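> Sharing a structure with you now.
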Amino acid sequence: MKFICENCQNNLRYQKYFCTFLALNRPSYLYFCISVSLCPLIQQPKPQNAITIAVSSRVLFNMDKEQQIYEQKGMEDYLKYQIEHEMEPFAPGPAFPFVKALEAVNTRLRELYPESEELFDVVLMTNSHAHAGLRLINTINHHQLFIERFCMTGGNSPIGYLKAYHTNLYLSADPMKVREALEEGIAAATMFNPPEKRTEVSETQLRVAFDGDAVLFSDESERIFKAHGLDKFFEHEKTHENTLLDHGPLKGFLESLGKLQKKFYAKDQRLDCPIRTYLVTARSAASSGTRALKTLRSWGLETDEALFLAGAPKGPMLEKIRPHIFFDDQLFHVEGASQLGTVAAHVPYGVAQKLPQQKPHCVFE
């Protein structure tokens with residue numbers, strides 16, 4: 001008879017427990033690896049060693065109905081509904097395929113480097129109350145996600161905890177929280193409801209696409225374009241092609257991805273690397289691409305592919321790339337990508353942003 005470890009799904013030596021697994025209310029026989037060292041998913045990496053991805057519950061799962069109940073009926077009805085439905089798992093949200101791809105990369109890393117803690121570590125950040133936590137735990141178990149770190153702040157903003165978790169990237173449905181994180185120097189982006197016809201993405205290779213200006217790079221060049229037009233922009237880029245661009249808000253995240261890629265390259269797996277990165281920019285290659293590529297090279301960074309579109313729509317190219325997530329600072333490009341099935345995230349940074357004049361409200365995520 002074969003026994004499967006409930007944590008790592010491996011056929012290993014086992015011991016049997018009669019217990020209630022996490023928040024599930026039915027007792028069952030569960031099998032776990034005898035030794036923590038035999039089950040790589042039991043032991044979490046230390047935050048300072050990991051690449052920490054903080055995701056809000058509303059981007060990991062679809063919680064639109066619950067948010068509507070809160071807005072229309074108030075806190076008590078919201079909590080009551082969560083408790084009454086805590087055995088009903090949430091459906092996947094826009095960040096769900098991205099998180100699954102992170103886990104696929106971790107699986108490969110553990111095979112090559114069993115003792116290493118240089119792994120992705122996903123932290124669920126939510127300003128919801130602990131009363132709603134059981135449903136989140138049950139949902140994570142239902143979808144077989146390996147998320148052990150939760151931060152439930154009971155109505156307060158979770159932003160203050162991001163640095164304590166050594167967060168490398170924060171994904172949220174609340175643009176105000178994303179702006180707050182960016183102001184703290186933390187890479188962050190706003191995610192929206194997934195497109196109706198979402199493009200199928202790889203289950204074995206993490207694909208991440210980045211815009212250039214105001215995402216990987218500063219918004220210096222974009223400011224020239226906004227203020228003086230396209231001709232002055234080209235002139236500025238030609239004059240400064242040997243002057244490096246300053247870094248943008250997501251440069252550090254690309255750096256983290258590159259660090260993990262090099263671990264696969266060191267094992268002669270460049271062609272079979274489970275991480276692939278893309279630069280997808282409206283810049284032209286000949287007239288303004290040189291400065292972008294020289295800047296990446298000076299940082300010791302590279303993207304696997306670079307697409308210079310010279311102002312053409314990004315959506316059709318992204319439809320071919322099939323990234324798990326695409327980061328752009330302009331909503332126009334985010335919406336265009338989403339219409340063609342790509343999960344795109346907005347980075348509200350730089351001169352292209354217009355602060356919304358709206359009354360702040362509590363978003364439970």
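Simple scheme: letters A, B, ... for chains in structure tokens order, numbers from 1 for residues in each chain, numbers from 1 for ligands in the order shown.
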Find the residues near Glu88 in chain A: any atom within 10 Å, counting only C-alpha atoms, skip ones fewer than 5 places away on the same chain, and give them as a VMD selection string.

chain A and resid 82 to 83 135 to 136 138 to 139 142

> Select from range 239-312 of chain A everything DSSP, run on the backbone, classes as strand (DSSP E or B), then give the selection as a count of residues only.

12

> Name all residues at most 12 Å from Ala164 in chain A (count only C-alpha atoms; drop same-chain ones fewer than 6 positions away) and give them as a ChimeraX atom specification.

/A:46-48,52,54,123,151,158,186

> Take the residues from that selection and write them out as a PDB file, in the first residue's frame, keeping N, CA, C and O atoms.


```pdb
ATOM      1  N   LYS A  46      13.193  31.178   5.766  1.00  0.00           N
ATOM      2  CA  LYS A  46      13.220  32.402   6.558  1.00  0.00           C
ATOM      3  C   LYS A  46      12.946  33.585   5.634  1.00  0.00           C
ATOM      4  O   LYS A  46      13.445  33.634   4.511  1.00  0.00           O
ATOM      5  N   PRO A  47      12.128  34.562   6.089  1.00  0.00           N
ATOM      6  CA  PRO A  47      11.766  35.689   5.217  1.00  0.00           C
ATOM      7  C   PRO A  47      12.956  36.410   4.613  1.00  0.00           C
ATOM      8  O   PRO A  47      12.902  36.841   3.458  1.00  0.00           O
ATOM      9  N   GLN A  48      14.040  36.533   5.358  1.00  0.00           N
ATOM     10  CA  GLN A  48      15.195  37.266   4.833  1.00  0.00           C
ATOM     11  C   GLN A  48      15.918  36.506   3.734  1.00  0.00           C
ATOM     12  O   GLN A  48      16.712  37.091   2.989  1.00  0.00           O
ATOM     13  N   THR A  52       9.772  37.087  -1.206  1.00  0.00           N
ATOM     14  CA  THR A  52       8.438  37.120  -0.607  1.00  0.00           C
ATOM     15  C   THR A  52       7.450  37.855  -1.495  1.00  0.00           C
ATOM     16  O   THR A  52       7.657  39.014  -1.853  1.00  0.00           O
ATOM     17  N   ALA A  54       3.696  39.085  -1.438  1.00  0.00           N
ATOM     18  CA  ALA A  54       2.515  39.327  -0.605  1.00  0.00           C
ATOM     19  C   ALA A  54       1.316  39.553  -1.512  1.00  0.00           C
ATOM     20  O   ALA A  54       1.355  40.414  -2.400  1.00  0.00           O
ATOM     21  N   VAL A 123       2.856  35.198   1.019  1.00  0.00           N
ATOM     22  CA  VAL A 123       2.201  35.624   2.249  1.00  0.00           C
ATOM     23  C   VAL A 123       0.831  36.183   1.890  1.00  0.00           C
ATOM     24  O   VAL A 123       0.716  37.041   1.007  1.00  0.00           O
ATOM     25  N   CYS A 151      -1.460  37.264   7.258  1.00  0.00           N
ATOM     26  CA  CYS A 151      -1.473  38.505   8.028  1.00  0.00           C
ATOM     27  C   CYS A 151      -2.885  39.067   7.944  1.00  0.00           C
ATOM     28  O   CYS A 151      -3.285  39.625   6.923  1.00  0.00           O
ATOM     29  N   PRO A 158      -2.756  46.569   6.028  1.00  0.00           N
ATOM     30  CA  PRO A 158      -1.634  45.641   6.245  1.00  0.00           C
ATOM     31  C   PRO A 158      -0.297  46.184   5.742  1.00  0.00           C
ATOM     32  O   PRO A 158       0.721  45.505   5.878  1.00  0.00           O
ATOM     33  N   ILE A 186       8.372  49.713  -1.839  1.00  0.00           N
ATOM     34  CA  ILE A 186       8.081  48.297  -2.059  1.00  0.00           C
ATOM     35  C   ILE A 186       7.446  48.126  -3.431  1.00  0.00           C
ATOM     36  O   ILE A 186       6.495  48.841  -3.786  1.00  0.00           O
TER      37      ILE A 186
END
```

> With distances taken over only C-alpha atoms, which residue among A:Gly212, A:Pro249, A:Gly185, A:Pro274 lies nearest Leu309 in chain A?

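Ranking A:Gly212, A:Pro249, A:Gly185, A:Pro274 by distance to Leu309 in chain A, first place goes to A:Gly212.
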
> Just want the 6 Å neighbourhood of range 93-104 of chain A, counted on only C-alpha atoms, with same-chain residues fewer than 4 positions away dropped. Output as a PyMOL selection string.

chain A and resi 59-62+194+204+206+324

> At a cut-off of 12 Å, using only C-alpha atoms, what residues contact Thr281 in chain A? Leave out same-chain residues fewer than 2 positions from it and give the result as a VMD selection string.

chain A and resid 209 to 217 222 278 to 279 283 to 285 288 to 289 292 to 293 305 to 315 317 to 318 326 to 330 333

> Identify which of the residues A:Glu196, A:Glu111, A:Asp304, A:Glu255 lies closest to Lys267 in chain A, counting only C-alpha atoms when measuring atom-to-atom distances.

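So, comparing all the options, the nearest one is A:Glu111.
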
> When you look at Phe264 in chain A with a cut-off of 10 Å (counting only C-alpha atoms), what residues show up, excluding the ones that are within fewer than 6 positions of it in the same chain? I need them as a list in words.

Arg108, Leu109, Leu112, Tyr113, Arg270, Leu271, Asp272, Cys273, Pro274 and Ile275 of chain A

> Near Ala132 in chain A, within 10 Å and counting only C-alpha atoms, which residues show up once chain neighbours fewer than 4 positions away are dropped, as number ranges by chain?

A: 78-86, 128, 136-137, 152, 154

> A:Asp64, A:Glu148, A:Glu76, A:Asp174: which is nearest His346 in chain A, counting only C-alpha atoms?

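Checking each of A:Asp64, A:Glu148, A:Glu76, A:Asp174 against His346 in chain A, counting only C-alpha atoms, the winner is A:Asp174.
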